[in-house]
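Enquirer: File start_6.txt follows (compact mmCIF, C-alpha atoms):
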# COMPACT_ATOMS: atom_id res chain seq x y z
CA MET Q 1182 0.00 0.00 0.00
CA ASP Q 1183 2.80 2.43 0.88
CA THR Q 1184 4.29 1.96 -2.57
CA ILE Q 1185 0.95 2.65 -4.23
CA ILE Q 1186 0.45 5.81 -2.18
CA ALA Q 1187 3.98 6.97 -2.95
CA ILE Q 1188 3.37 6.41 -6.67
CA VAL Q 1189 0.08 8.32 -6.53
CA THR Q 1190 1.82 11.19 -4.71
CA VAL Q 1191 4.40 11.48 -7.49
CA PHE Q 1192 1.61 11.14 -10.06
CA LEU Q 1193 -0.24 14.08 -8.50
CA LEU Q 1194 2.96 16.13 -8.61
CA LEU Q 1195 3.18 15.37 -12.33
CA ASN Q 1196 -0.43 16.53 -12.63
CA ILE Q 1197 0.58 19.90 -11.19
CA ALA Q 1198 3.49 20.04 -13.63
CA ALA Q 1199 1.09 19.35 -16.52
CA GLY Q 1200 -1.18 22.07 -15.19
CA LEU Q 1201 1.73 24.50 -15.45
CA VAL Q 1202 1.47 24.10 -19.23
CA ARG Q 1203 -1.87 25.88 -18.97
CA VAL Q 1204 -0.21 28.73 -17.05
CA PHE Q 1205 2.30 29.16 -19.87
CA LEU Q 1206 -0.25 28.84 -22.66
CA GLY Q 1207 -2.85 31.07 -21.06
CA PRO Q 1208 -4.22 32.66 -23.18
CA THR Q 1209 -6.25 34.82 -20.78
CA PRO Q 1210 -5.46 35.79 -17.16
CA ALA Q 1211 -8.53 33.76 -16.19
CA ASP Q 1212 -6.90 30.61 -17.56
CA ARG Q 1213 -3.82 31.31 -15.46
CA LEU Q 1214 -5.99 31.81 -12.40
CA LEU Q 1215 -7.30 28.29 -12.91
CA SER Q 1216 -3.94 26.94 -11.86
CA ILE Q 1217 -4.57 28.27 -8.35
CA GLN Q 1218 -7.53 25.92 -8.18
CA LEU Q 1219 -5.45 23.04 -9.46
CA PHE Q 1220 -2.52 23.70 -7.11
CA GLY Q 1221 -4.82 24.16 -4.14
CA THR Q 1222 -6.78 20.96 -4.55
CA THR Q 1223 -3.92 18.77 -5.77
CA GLY Q 1224 -1.48 20.20 -3.24
CA THR Q 1225 -3.90 19.46 -0.41
CA ALA Q 1226 -4.28 15.88 -1.66
CA ILE Q 1227 -0.48 15.45 -1.85
CA LEU Q 1228 -0.08 16.66 1.75
CA CYS Q 1229 -2.79 14.26 2.94
CA LEU Q 1230 -1.01 11.39 1.19
CA LEU Q 1231 2.35 12.43 2.67
CA ALA Q 1232 0.80 12.05 6.12
CA VAL Q 1233 0.44 8.34 5.36
CA VAL Q 1234 3.73 7.88 3.49
CA ASP Q 1235 5.71 9.56 6.26
CA GLY Q 1236 3.48 8.32 9.07
CA ASN Q 1237 3.46 11.86 10.41
CA ARG Q 1238 0.01 13.25 11.10
CA ASN Q 1239 1.29 16.83 11.31
CA TYR Q 1240 1.05 16.95 7.52
CA LEU Q 1241 -2.71 17.23 7.99
CA ASN Q 1242 -2.26 20.60 9.66
CA ILE Q 1243 -0.18 21.76 6.73
CA ALA Q 1244 -2.89 20.48 4.37
CA LEU Q 1245 -5.47 22.47 6.32
CA VAL Q 1246 -3.46 25.68 6.09
CA PHE Q 1247 -2.77 24.98 2.41
CA ALA Q 1248 -6.49 24.61 1.71
CA LEU Q 1249 -7.20 27.87 3.55
CA LEU Q 1250 -4.47 29.76 1.71
CA ALA Q 1251 -5.61 28.45 -1.67
CA ALA Q 1252 -9.09 29.79 -0.96
CA ILE Q 1253 -7.77 33.20 0.07
CA LEU Q 1254 -5.39 33.32 -2.91
CA GLY Q 1255 -8.23 32.69 -5.35
CA VAL Q 1256 -10.34 35.48 -3.91
CA VAL Q 1257 -7.43 37.92 -3.69
CA PHE Q 1258 -6.30 37.29 -7.27
CA THR Q 1259 -9.77 37.78 -8.75
CA ARG Q 1260 -10.13 40.98 -6.71
CA TYR Q 1261 -6.73 42.25 -7.75
CA TRP Q 1262 -7.42 41.43 -11.37
CA GLN Q 1263 -10.68 43.34 -11.23
CA GLU Q 1264 -9.16 46.49 -9.74
CA ASP Q 1265 -6.09 46.35 -11.93
CA ASP Q 1266 -8.14 46.61 -15.10
CA GLU Q 1267 -8.65 50.06 -16.60
CA GLU Q 1268 -11.56 49.10 -18.85
CA THR Q 1269 -15.01 49.36 -17.41
CA PRO Q 1270 -16.31 45.81 -17.18
CA GLN Q 1271 -19.36 45.12 -19.26
CA SER Q 1272 -22.71 44.40 -17.71
CA LEU Q 1273 -23.82 40.81 -17.36
CA GLU Q 1274 -27.45 41.69 -17.69
CA ASP Q 1275 -28.18 40.62 -21.22
CA LEU Q 1276 -26.06 37.48 -21.33
CA GLY Q 1277 -27.48 34.00 -21.42
CA ARG Q 1278 -30.60 32.30 -22.61
CA GLU Q 1279 -33.67 32.27 -20.39
CA LEU Q 1280 -34.55 28.92 -18.81
CA ASP Q 1281 -38.10 27.76 -18.01
CA MET E 360 -40.03 37.37 12.44
CA ASN E 361 -41.70 34.49 10.68
CA ASP E 362 -44.26 36.69 9.02
CA GLN E 363 -41.81 37.02 6.13
CA PRO E 364 -42.66 33.94 4.10
CA ASN E 365 -39.50 33.97 2.04
CA GLY E 366 -37.21 34.82 4.93
CA ALA E 367 -35.89 38.13 3.61
CA ASP E 368 -32.65 38.83 5.48
CA GLU E 369 -32.63 41.40 8.22
CA VAL E 370 -29.66 42.54 10.29
CA VAL E 371 -30.06 41.26 13.83
CA MET E 372 -27.21 41.71 16.30
CA PHE E 373 -28.86 40.15 19.32
CA PRO E 374 -31.25 37.18 19.42
CA ARG E 375 -34.83 38.30 19.98
CA ASN E 376 -36.78 35.09 19.78
CA LEU E 377 -36.40 31.35 20.09
CA THR E 378 -35.38 30.78 16.45
CA GLN E 379 -32.66 33.38 16.69
CA TRP E 380 -31.43 32.03 20.01
CA SER E 381 -31.22 28.55 18.52
CA ASP E 382 -29.29 29.94 15.56
CA MET E 383 -26.86 31.69 17.91
CA LEU E 384 -26.37 28.55 19.99
CA LEU E 385 -25.88 26.52 16.82
CA ARG E 386 -23.14 28.90 15.70
CA LEU E 387 -21.45 28.75 19.11
CA ALA E 388 -21.63 24.95 19.03
CA SER E 389 -20.24 24.78 15.48
CA PHE E 390 -17.28 27.02 16.28
CA ALA E 391 -16.65 25.04 19.47
CA LEU E 392 -16.73 21.80 17.45
CA LEU E 393 -14.31 23.29 14.92
CA TRP E 394 -11.95 24.31 17.72
CA PHE E 395 -12.27 20.86 19.25
CA ILE E 396 -11.35 19.15 15.98
CA LEU E 397 -8.49 21.51 15.16
CA ASN E 398 -6.99 21.04 18.61
CA GLU E 399 -7.53 17.30 18.56
CA GLY E 400 -9.65 17.40 21.68
CA ALA E 401 -6.92 18.79 23.96
CA MET E 402 -8.68 20.03 27.12
CA ASP E 403 -6.15 22.72 28.05
CA SER E 404 -6.67 24.42 24.68
CA TRP E 405 -10.07 25.66 25.90
CA ILE E 406 -8.39 28.51 27.84
CA LEU E 407 -7.98 30.10 24.43
CA GLY E 408 -10.84 28.21 22.82
CA VAL E 409 -13.71 29.69 24.83
CA PRO E 410 -12.90 33.36 24.08
CA VAL E 411 -12.08 32.55 20.44
CA THR E 412 -15.39 30.74 20.01
CA ILE E 413 -17.30 33.71 21.41
CA ILE E 414 -15.40 36.22 19.27
CA ALA E 415 -15.96 34.08 16.16
CA THR E 416 -19.69 33.90 16.86
CA TYR E 417 -19.83 37.66 17.34
CA ALA E 418 -17.88 38.22 14.12
CA SER E 419 -20.21 35.87 12.23
CA LEU E 420 -23.15 38.13 13.16
CA HIS E 421 -21.53 40.92 11.20
CA ILE E 422 -21.14 38.71 8.15
CA SER E 423 -24.53 37.05 8.19
CA PRO E 424 -27.39 38.10 10.47
CA LEU E 425 -29.25 35.65 12.67
CA ARG E 426 -31.77 33.73 10.66
CA SER E 427 -35.46 34.11 11.25
CA TRP E 428 -36.53 30.74 9.91
CA HIS E 429 -36.33 27.16 11.06
CA ILE E 430 -33.99 24.60 9.58
CA HIS E 431 -35.58 21.22 9.01
CA PRO E 432 -33.13 18.45 9.91
CA ILE E 433 -34.76 15.79 7.69
CA HIS E 434 -34.85 18.03 4.63
CA LEU E 435 -31.33 19.20 5.42
CA THR E 436 -30.14 15.59 5.40
CA ARG E 437 -31.98 15.03 2.15
CA PHE E 438 -30.25 18.08 0.68
CA LEU E 439 -26.85 16.83 1.86
CA LEU E 440 -27.47 13.42 0.29
CA PHE E 441 -28.54 15.09 -2.96
CA PHE E 442 -25.38 17.17 -2.80
CA LEU E 443 -23.12 14.17 -2.18
CA GLN E 444 -24.78 12.10 -4.90
CA ASN E 445 -24.49 14.92 -7.44
CA THR E 446 -20.85 15.64 -6.60
CA ILE E 447 -20.09 12.05 -7.56
CA VAL E 448 -22.34 11.95 -10.63
CA SER E 449 -21.02 15.28 -11.97
CA SER E 450 -17.40 14.20 -11.57
CA PHE E 451 -18.05 11.01 -13.53
CA ASP E 452 -19.84 13.11 -16.15
CA VAL E 453 -16.91 15.51 -16.52
CA ALA E 454 -14.36 12.69 -16.52
CA ARG E 455 -16.29 10.84 -19.25
CA ARG E 456 -16.42 13.96 -21.40
CA VAL E 457 -12.75 14.90 -21.13
CA PHE E 458 -11.47 11.36 -21.71
CA HIS E 459 -13.76 10.89 -24.72
CA PRO E 460 -11.79 11.30 -27.98
CA ASP E 461 -14.50 13.54 -29.52
CA LEU E 462 -14.80 15.78 -26.44
CA PRO E 463 -18.64 15.74 -26.41
CA ILE E 464 -19.52 19.18 -25.02
CA GLN E 465 -22.06 21.78 -26.05
CA PRO E 466 -21.56 24.75 -23.71
CA ALA E 467 -24.06 27.59 -23.28
CA LEU E 468 -24.96 30.38 -20.89
CA LEU E 469 -28.34 30.04 -19.23
CA ARG E 470 -30.43 32.22 -16.94
CA TYR E 471 -32.42 30.73 -14.13
CA LYS E 472 -35.11 32.72 -12.33
CA PHE E 473 -34.93 32.33 -8.55
CA ARG E 474 -38.11 31.54 -6.72
CA ILE E 475 -36.40 31.89 -3.33
CA LYS E 476 -36.08 35.47 -2.12
CA ALA E 477 -33.70 35.15 0.85
CA GLU E 478 -30.00 35.73 0.32
CA THR E 479 -28.36 32.91 2.29
CA PRO E 480 -30.26 30.11 0.51
CA ARG E 481 -29.43 31.78 -2.81
CA VAL E 482 -25.74 31.75 -1.99
CA ILE E 483 -26.03 28.08 -1.07
CA ILE E 484 -27.82 27.37 -4.35
CA ALA E 485 -25.22 29.28 -6.36
CA ASN E 486 -22.40 27.37 -4.69
CA THR E 487 -24.08 24.00 -5.04
CA THR E 488 -24.92 24.66 -8.69
CA SER E 489 -21.21 24.47 -9.45
CA LEU E 490 -21.14 20.89 -8.19
CA LEU E 491 -24.20 19.67 -10.10
CA PRO E 492 -23.60 17.74 -13.32
CA GLY E 493 -22.73 20.14 -16.14
CA THR E 494 -23.57 23.45 -14.45
CA LEU E 495 -21.40 26.24 -13.07
CA SER E 496 -22.78 29.39 -11.49
CA VAL E 497 -21.17 32.55 -12.85
CA ASP E 498 -23.33 35.37 -11.57
CA VAL E 499 -26.09 36.02 -9.06
CA THR E 500 -28.30 39.03 -9.76
CA ASP E 501 -31.33 40.27 -7.85
CA ASP E 502 -33.64 37.57 -9.06
CA GLU E 503 -31.63 35.45 -11.46
CA LEU E 504 -28.77 33.00 -11.52
CA LEU E 505 -26.46 33.05 -14.52
CA VAL E 506 -25.26 29.52 -15.19
CA HIS E 507 -22.67 28.18 -17.60
CA THR E 508 -23.49 24.67 -18.72
CA LEU E 509 -21.13 22.13 -20.21
CA ASP E 510 -23.94 20.63 -22.25
CA GLU E 511 -27.17 22.43 -23.01
CA THR E 512 -28.87 19.16 -23.89
CA LEU E 513 -28.68 18.11 -20.22
CA PRO E 514 -31.86 18.61 -18.14
CA ASN E 515 -30.32 21.72 -16.54
CA ALA E 516 -33.57 23.50 -15.72
CA ALA E 517 -35.01 20.42 -14.03
CA SER E 518 -31.96 19.84 -11.82
CA LEU E 519 -31.79 23.52 -10.84
CA ARG E 520 -35.47 23.45 -9.93
CA ARG E 521 -34.94 20.30 -7.87
CA LEU E 522 -31.99 21.92 -6.10
CA GLU E 523 -34.00 25.04 -5.30
CA GLU E 524 -36.87 22.95 -3.93
CA LEU E 525 -34.53 21.00 -1.66
CA VAL E 526 -32.84 24.13 -0.31
CA ALA E 527 -36.22 25.80 0.22
CA LYS E 528 -37.48 22.78 2.14
CA ALA E 529 -34.34 22.63 4.30
CA TYR E 530 -34.93 26.28 5.20
CA GLY E 531 -38.65 25.74 5.68
CA LEU E 532 -39.47 28.26 2.95
CA LYS E 533 -42.44 28.12 0.62
CA LEU E 534 -41.86 28.58 -3.11
CA GLU E 535 -44.19 30.66 -5.23
CA ASP E 536 -44.93 29.36 -8.68
CA MET V 408 -2.00 -6.54 2.76
CA ASN V 409 -5.09 -6.37 4.92
CA LEU V 410 -8.57 -5.25 3.92
CA ILE V 411 -8.29 -1.65 5.09
CA ASP V 412 -4.98 -1.17 3.28
CA ALA V 413 -6.52 -2.59 0.10
CA LEU V 414 -9.49 -0.25 0.44
CA THR V 415 -7.18 2.75 0.93
CA SER V 416 -5.19 1.78 -2.16
CA ILE V 417 -8.34 1.49 -4.27
CA LEU V 418 -9.73 4.83 -3.06
CA VAL V 419 -6.45 6.68 -3.54
CA VAL V 420 -5.93 5.27 -7.04
CA ALA V 421 -9.54 6.12 -7.97
CA GLY V 422 -8.88 9.64 -6.65
CA ALA V 423 -5.80 9.88 -8.85
CA VAL V 424 -7.92 9.01 -11.91
CA PHE V 425 -10.20 11.97 -11.19
CA PHE V 426 -7.21 14.27 -10.68
CA LEU V 427 -6.00 13.11 -14.08
CA ALA V 428 -9.43 13.91 -15.52
CA GLY V 429 -9.14 17.43 -14.09
CA THR V 430 -5.72 17.96 -15.62
CA VAL V 431 -6.70 16.46 -18.99
CA GLY V 432 -9.75 18.72 -18.97
CA LEU V 433 -7.60 21.73 -18.13
CA LEU V 434 -5.44 21.02 -21.16
CA ARG V 435 -8.04 19.75 -23.64
CA LEU V 436 -11.13 21.89 -23.08
CA PRO V 437 -11.57 24.96 -25.30
CA ASP V 438 -12.19 27.89 -22.91
CA VAL V 439 -11.89 29.08 -19.34
CA PHE V 440 -15.50 28.23 -18.44
CA THR V 441 -15.36 24.62 -19.58
CA ARG V 442 -11.97 24.23 -17.85
CA LEU V 443 -13.54 25.47 -14.63
CA HIS V 444 -16.10 22.69 -14.91
CA ALA V 445 -13.38 20.06 -15.15
CA LEU V 446 -11.37 21.45 -12.26
CA THR V 447 -14.13 22.12 -9.75
CA LYS V 448 -15.88 18.82 -10.27
CA ALA V 449 -13.26 16.20 -11.05
CA ASP V 450 -10.59 17.46 -8.65
CA ASN V 451 -13.04 17.79 -5.78
CA LEU V 452 -14.16 14.19 -6.04
CA GLY V 453 -10.52 13.19 -6.47
CA LEU V 454 -9.66 14.93 -3.21
CA GLY V 455 -12.73 13.40 -1.54
CA LEU V 456 -11.64 9.88 -2.47
CA VAL V 457 -8.06 10.54 -1.33
CA VAL V 458 -9.34 12.00 1.95
CA VAL V 459 -11.52 8.97 2.69
CA GLY V 460 -8.67 6.64 1.77
CA VAL V 461 -6.21 8.47 4.01
CA SER V 462 -8.64 8.74 6.92
CA LEU V 463 -8.90 4.92 6.98
CA GLN V 464 -5.19 4.87 7.81
CA MET V 465 -5.45 7.30 10.71
CA ASP V 466 -5.36 5.89 14.24
CA ALA V 467 -6.90 8.91 15.94
CA TRP V 468 -10.54 9.78 15.19
CA GLN V 469 -9.65 13.48 15.36
CA ASP V 470 -7.57 13.08 12.23
CA ALA V 471 -10.49 11.61 10.30
CA PHE V 472 -12.60 14.61 11.33
CA LYS V 473 -9.82 16.96 10.34
CA LEU V 474 -9.56 15.32 6.92
CA ILE V 475 -13.28 15.67 6.31
CA GLY V 476 -12.99 19.29 7.43
CA ILE V 477 -10.21 19.82 4.90
CA TRP V 478 -12.37 18.33 2.14
CA PHE V 479 -15.37 20.46 3.06
CA LEU V 480 -13.19 23.57 3.12
CA VAL V 481 -11.75 22.85 -0.31
CA LEU V 482 -15.23 22.04 -1.65
CA VAL V 483 -16.72 25.33 -0.50
CA SER V 484 -13.71 27.43 -1.45
CA SER V 485 -13.27 25.93 -4.90
CA ALA V 486 -16.96 26.41 -5.71
CA THR V 487 -16.63 30.04 -4.61
CA VAL V 488 -13.38 30.67 -6.46
CA ALA V 489 -14.83 29.01 -9.60
CA HIS V 490 -17.80 31.36 -9.39
CA LEU V 491 -15.50 34.39 -9.02
CA ILE V 492 -13.21 33.38 -11.89
CA GLY V 493 -16.20 32.68 -14.15
CA ARG V 494 -17.85 35.96 -13.20
CA TYR V 495 -14.78 38.11 -13.82
CA ALA V 496 -14.05 36.32 -17.09
CA LEU V 497 -17.55 37.30 -18.24
CA LEU V 498 -17.19 40.84 -16.88
CA HIS V 499 -14.04 41.25 -18.93
CA GLY V 500 -15.97 40.31 -22.01
CA TYR V 501 -14.67 36.79 -22.67
CA LYS V 502 -17.21 34.99 -24.78
CA PRO V 503 -17.87 31.39 -23.81
CA TRP V 504 -16.80 28.93 -26.48
CA GLU V 505 -19.66 27.48 -28.51
CA LYS V 506 -19.86 24.41 -30.65
CA GLU V 507 -19.95 25.12 -34.37
CA GLU V 508 -22.98 23.63 -36.01
Take the structure in this file and express it as structure tokens.

Expert:
Amino acid sequence: MDTIIAIVTVFLLLNIAAGLVRVFLGPTPADRLLSIQLFGTTGTAILCLLAVVDGNRNYLNIALVFALLAAILGVVFTRYWQEDDEETPQSLEDLGRELD
Amino acid sequence: MNDQPNGADEVVMFPRNLTQWSDMLLRLASFALLWFILNEGAMDSWILGVPVTIIATYASLHISPLRSWHIHPIHLTRFLLFFLQNTIVSSFDVARRVFHPDLPIQPALLRYKFRIKAETPRVIIANTTSLLPGTLSVDVTDDELLVHTLDETLPNAASLRRLEELVAKAYGLKLED
Amino acid sequence: MNLIDALTSILVVAGAVFFLAGTVGLLRLPDVFTRLHALTKADNLGLGLVVVGVSLQMDAWQDAFKLIGIWFLVLVSSATVAHLIGRYALLHGYKPWEKEE
């Protein structure tokens, strides 16, 4: 089991590396923001798995802080992005097709 | 406070009736439970834990006022089961689509008219929408939810309606048609 | 290998499959909105499976609670962040990708 978990941990790291391709390609800032989501969720999973691989339950506390920081990062980046932009954002009022 | 059938939010800083007291106690209990879990049940941590719990409850009043409606435990459980089931179904759905060689998606933006008036249930609906199969909430306006769907041929309207009904029931709210 | 270890292995590997789905979606899907779908849904279930698998290995019950707390936190935050990213992408005038007929 320990081997399997170790392999999955490395596999998840590779997932993050593959996700970095999206950061490079973009093309929009929103696409780059997506990587925060990926790093947050995958990073938390890696830390949880390390708790088993290392047999050290303190990794769970790191995972908890990591999850919290990922949440804050996402909010802060979207905020920052909004304020940074000179253009007046368009209204969302006439987008979308009516349901019902 | 219950004369507002759709539970329109109202800023309440101190509990005035039984429902609000029970909400306040529920918040205290939840923060205490959170502290208990984070500190792995260590008894001596309560020297800090008690004041922190009280401060957190007080701070939560500033963010969301005390509710003036009842929460129905059975309907809440039903909602949680619906939520859990849909998290699993939607993940399988997404996984099937992205692994499929043809990438079978047909995205569209849709508007859904809220029947619930209160803000907290709407926020819950908007957040849960993102975990339903094929839907992602992108904007909440006064009376509408803007949803991006991965496939417009999915029964999106039906699942949103079902979700709204479940949330309304959990909050003990009546829906107008 | 006992039963619980086997169960953990299965759950963790199944979780990894969903993480892979999230990453494949991130790379294959055509626009930011569809990519958000893949990430919020697939990765969250992936984390959920990993969390359940890991909690089976924990001796102390507090750790299992903590793990579920972590999952819940990520679930709520990623739904919120997905909403924010989607909203700002629309506000900045990005048109969602549509299938050509």

Enquirer: Tell me which of Q:Val1202, Q:Ile1185, Q:Leu1214, Q:Val1257 sits closest to V:Ser416, counting all atoms listed in the file.

Expert: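 Comparing Q:Val1202, Q:Ile1185, Q:Leu1214, Q:Val1257 against V:Ser416, the winner is Q:Ile1185.
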
Enquirer: As a PyMOL selection string, please: the residues near E:Asp502 (cut-off 9 Å, all atoms listed in the file, same-chain neighbours under 3 positions excluded).

Expert: chain E and resi 471-476+499

Enquirer: Keeping only C-alpha atoms, write the selected residues as a PDB file, keeping the file's coordinate frame.

Expert:
ATOM      1  CA  TYR E 471     -32.420  30.730 -14.130  1.00  0.00           C
ATOM      2  CA  LYS E 472     -35.110  32.720 -12.330  1.00  0.00           C
ATOM      3  CA  PHE E 473     -34.930  32.330  -8.550  1.00  0.00           C
ATOM      4  CA  ARG E 474     -38.110  31.540  -6.720  1.00  0.00           C
ATOM      5  CA  ILE E 475     -36.400  31.890  -3.330  1.00  0.00           C
ATOM      6  CA  LYS E 476     -36.080  35.470  -2.120  1.00  0.00           C
ATOM      7  CA  VAL E 499     -26.090  36.020  -9.060  1.00  0.00           C
TER       8      VAL E 499
END

Enquirer: What is the distance, in Å and to one decimal place, between atom CA of E:Arg375 and atom CA of E:Leu393?

Expert: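 One can read the atom CA of E:Arg375 to atom CA of E:Leu393 distance as 25.9 Å.
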
Enquirer: Mind dumping a table of every stretch 412-506 of chain V residue within 7 Å of stretch 1244-1252 of chain Q, with the nearest atom pair and its distance in Å to one decimal, using all atoms listed in the file, sorted by chain and rising number, as a Markdown table?

Expert:
| residue | atom | partner | partner_atom | distance |
| --- | --- | --- | --- | --- |
| V:Ile477 | CA | Q:Leu1245 | CA | 5.6 |
| V:Leu480 | CA | Q:Ala1248 | CA | 6.9 |
| V:Val481 | CA | Q:Ala1248 | CA | 5.9 |
| V:Ser484 | CA | Q:Ala1252 | CA | 5.2 |
| V:Ser485 | CA | Q:Ala1252 | CA | 6.9 |

Enquirer: How big is the axis-aligned box, and where does its centre sit, when it encloses all atoms of stretch 412-425 of chain V listed in the file and has 3 Å added on every side, reported in Å to one decimal as JSON?

Expert:
{"center_x": -7.6, "center_y": 4.7, "center_z": -4.3, "size_x": 11.2, "size_y": 20.6, "size_z": 21.2}

Enquirer: Please list, as a list of chain:residue names, the residues that have an atom at most 8 Å away from (-14.4, 26.1, 22.1) in the coordinates of this file, counting all atoms listed in the file.

Expert: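 Taken together, the residues in range are E:Ala388, E:Phe390, E:Ala391, E:Leu392, E:Leu393, E:Trp394, E:Phe395, E:Trp405, E:Leu407, E:Gly408, E:Val409, E:Pro410, E:Val411, E:Thr412.
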
Enquirer: Counting only C-alpha atoms, which residues from chain Q have an atom at most 8 Å from any atom of chain V, and could you show them as a VMD selection string?

Expert: chain Q and resid 1182 1185 to 1186 1189 1192 to 1193 1196 to 1197 1199 to 1200 1202 to 1203 1211 to 1212 1214 to 1215 1218 to 1219 1222 to 1223 1225 to 1226 1229 to 1230 1233 1238 1241 1244 to 1245 1248 to 1249 1252 1255 to 1256 1259 1263 1270 to 1273

Enquirer: Residues at most 10 Å from stretch 486-489 of chain E, counting all atoms listed in the file, excluding those fewer than 2 positions away in the same chain, as a PyMOL selection string?

Expert: (chain E and resi 442+445-446+449+480-484+491-497+504+506-508+515+518-519+522-523+526) or (chain V and resi 443-444+447-448+482-490)

Enquirer: Could you list, as a list in words, every residue within 7 Å of V:Glu505, counting only C-alpha atoms and ignoring same-chain residues fewer than 4 positions away?

Expert: Gln465, Pro466 and Ala467 of chain E

Enquirer: Would you compute the distance between atom CA of E:Thr500 and atom CA of E:His429? Give it in Å to one decimal.

Expert: 25.3 Å

Enquirer: What residues in chain E lie within 6 Å of chain Q, counting all atoms listed in the file, written as an NGL selection string?

Expert: :E and (468-471)

Enquirer: How would the residues just picked look written out with C-alpha atoms as a tab-separated table (two decimals), in the frame of the given file?

Expert:
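out_30.tsv written:
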chain	number	residue	atom	x	y	z
E	468	LEU	CA	-24.96	30.38	-20.89
E	469	LEU	CA	-28.34	30.04	-19.23
E	470	ARG	CA	-30.43	32.22	-16.94
E	471	TYR	CA	-32.42	30.73	-14.13

Enquirer: Using only C-alpha atoms, which of the listed residues (E:Leu490, E:Ala529, E:Leu439, E:Ile414) sits closest to chain V?

Expert: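 Closest residue, counting only C-alpha atoms: E:Leu490.
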
Enquirer: When you count all atoms listed in the file, which of these residues is closest to Q:Gly1221: Q:Ile1253, Q:Asp1235, Q:Arg1260, Q:Thr1184?

Expert: Q:Ile1253

Enquirer: Between V:Ile475, V:Leu410, V:Pro437, V:Ala449, which one has atoms that come closest to chain E, using all atoms listed in the file?

Expert: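 Of V:Ile475, V:Leu410, V:Pro437, V:Ala449, the one nearest chain E, counting all atoms listed in the file, is V:Ala449.
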
Enquirer: Work out how far apart atom CA of E:Leu509 and atom CA of Q:Pro1210 are and give it in Å to one decimal.

Expert: 21.0 Å

Enquirer: For a quick check of understanding, using only C-alpha atoms, which of Q:Leu1195, Q:Gly1236, Q:Phe1220, Q:Thr1209 has the smallest distance to Q:Trp1262?

Expert: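 Among the listed residues, the smallest separation from Q:Trp1262 belongs to Q:Thr1209.
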
Enquirer: Find the residues with any atom within 10 Å of (-38.1, 25.0, 1.3); use all atoms listed in the file and the coordinates as given in the file, and write the answer as a PDB file with C-alpha atoms, in the frame of the given file.

Expert:
ATOM      1  CA  ASN E 365     -39.500  33.970   2.040  1.00  0.00           C
ATOM      2  CA  ILE E 430     -33.990  24.600   9.580  1.00  0.00           C
ATOM      3  CA  HIS E 431     -35.580  21.220   9.010  1.00  0.00           C
ATOM      4  CA  HIS E 434     -34.850  18.030   4.630  1.00  0.00           C
ATOM      5  CA  LEU E 435     -31.330  19.200   5.420  1.00  0.00           C
ATOM      6  CA  ILE E 475     -36.400  31.890  -3.330  1.00  0.00           C
ATOM      7  CA  PRO E 480     -30.260  30.110   0.510  1.00  0.00           C
ATOM      8  CA  GLU E 523     -34.000  25.040  -5.300  1.00  0.00           C
ATOM      9  CA  GLU E 524     -36.870  22.950  -3.930  1.00  0.00           C
ATOM     10  CA  LEU E 525     -34.530  21.000  -1.660  1.00  0.00           C
ATOM     11  CA  VAL E 526     -32.840  24.130  -0.310  1.00  0.00           C
ATOM     12  CA  ALA E 527     -36.220  25.800   0.220  1.00  0.00           C
ATOM     13  CA  LYS E 528     -37.480  22.780   2.140  1.00  0.00           C
ATOM     14  CA  ALA E 529     -34.340  22.630   4.300  1.00  0.00           C
ATOM     15  CA  TYR E 530     -34.930  26.280   5.200  1.00  0.00           C
ATOM     16  CA  GLY E 531     -38.650  25.740   5.680  1.00  0.00           C
ATOM     17  CA  LEU E 532     -39.470  28.260   2.950  1.00  0.00           C
ATOM     18  CA  LYS E 533     -42.440  28.120   0.620  1.00  0.00           C
ATOM     19  CA  LEU E 534     -41.860  28.580  -3.110  1.00  0.00           C
TER      20      LEU E 534
END

Enquirer: For each of E:Ser423, E:Asn398, E:Ser404, E:Thr416, take the minimum atom-to-atom distance to chain V, counting only C-alpha atoms, then give the residue where this is smallest.

Expert: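 Closest to chain V of all the choices is E:Asn398.
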
Enquirer: Missing atoms in stretch 432-438 of chain E: fill them in up to N, CA and C atoms and send the result as a JSON list (two decimals), in the frame of the given file.

Expert:
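Once written, part-v3.json looks like this:
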[["chain", "number", "residue", "atom", "x", "y", "z"],
["E", 432, "PRO", "N", -34.23, 19.41, 9.95],
["E", 432, "PRO", "CA", -33.13, 18.45, 9.91],
["E", 432, "PRO", "C", -33.30, 17.35, 8.85],
["E", 433, "ILE", "N", -34.55, 16.88, 8.66],
["E", 433, "ILE", "CA", -34.76, 15.79, 7.69],
["E", 433, "ILE", "C", -34.50, 16.29, 6.28],
["E", 434, "HIS", "N", -35.05, 17.48, 5.97],
["E", 434, "HIS", "CA", -34.85, 18.03, 4.63],
["E", 434, "HIS", "C", -33.40, 18.44, 4.42],
["E", 435, "LEU", "N", -32.74, 18.85, 5.52],
["E", 435, "LEU", "CA", -31.33, 19.20, 5.42],
["E", 435, "LEU", "C", -30.51, 17.96, 5.06],
["E", 436, "THR", "N", -30.82, 16.85, 5.71],
["E", 436, "THR", "CA", -30.14, 15.59, 5.40],
["E", 436, "THR", "C", -30.38, 15.20, 3.96],
["E", 437, "ARG", "N", -31.64, 15.37, 3.52],
["E", 437, "ARG", "CA", -31.98, 15.03, 2.15],
["E", 437, "ARG", "C", -31.17, 15.88, 1.16],
["E", 438, "PHE", "N", -31.04, 17.18, 1.52],
["E", 438, "PHE", "CA", -30.25, 18.08, 0.68],
["E", 438, "PHE", "C", -28.79, 17.63, 0.64]]
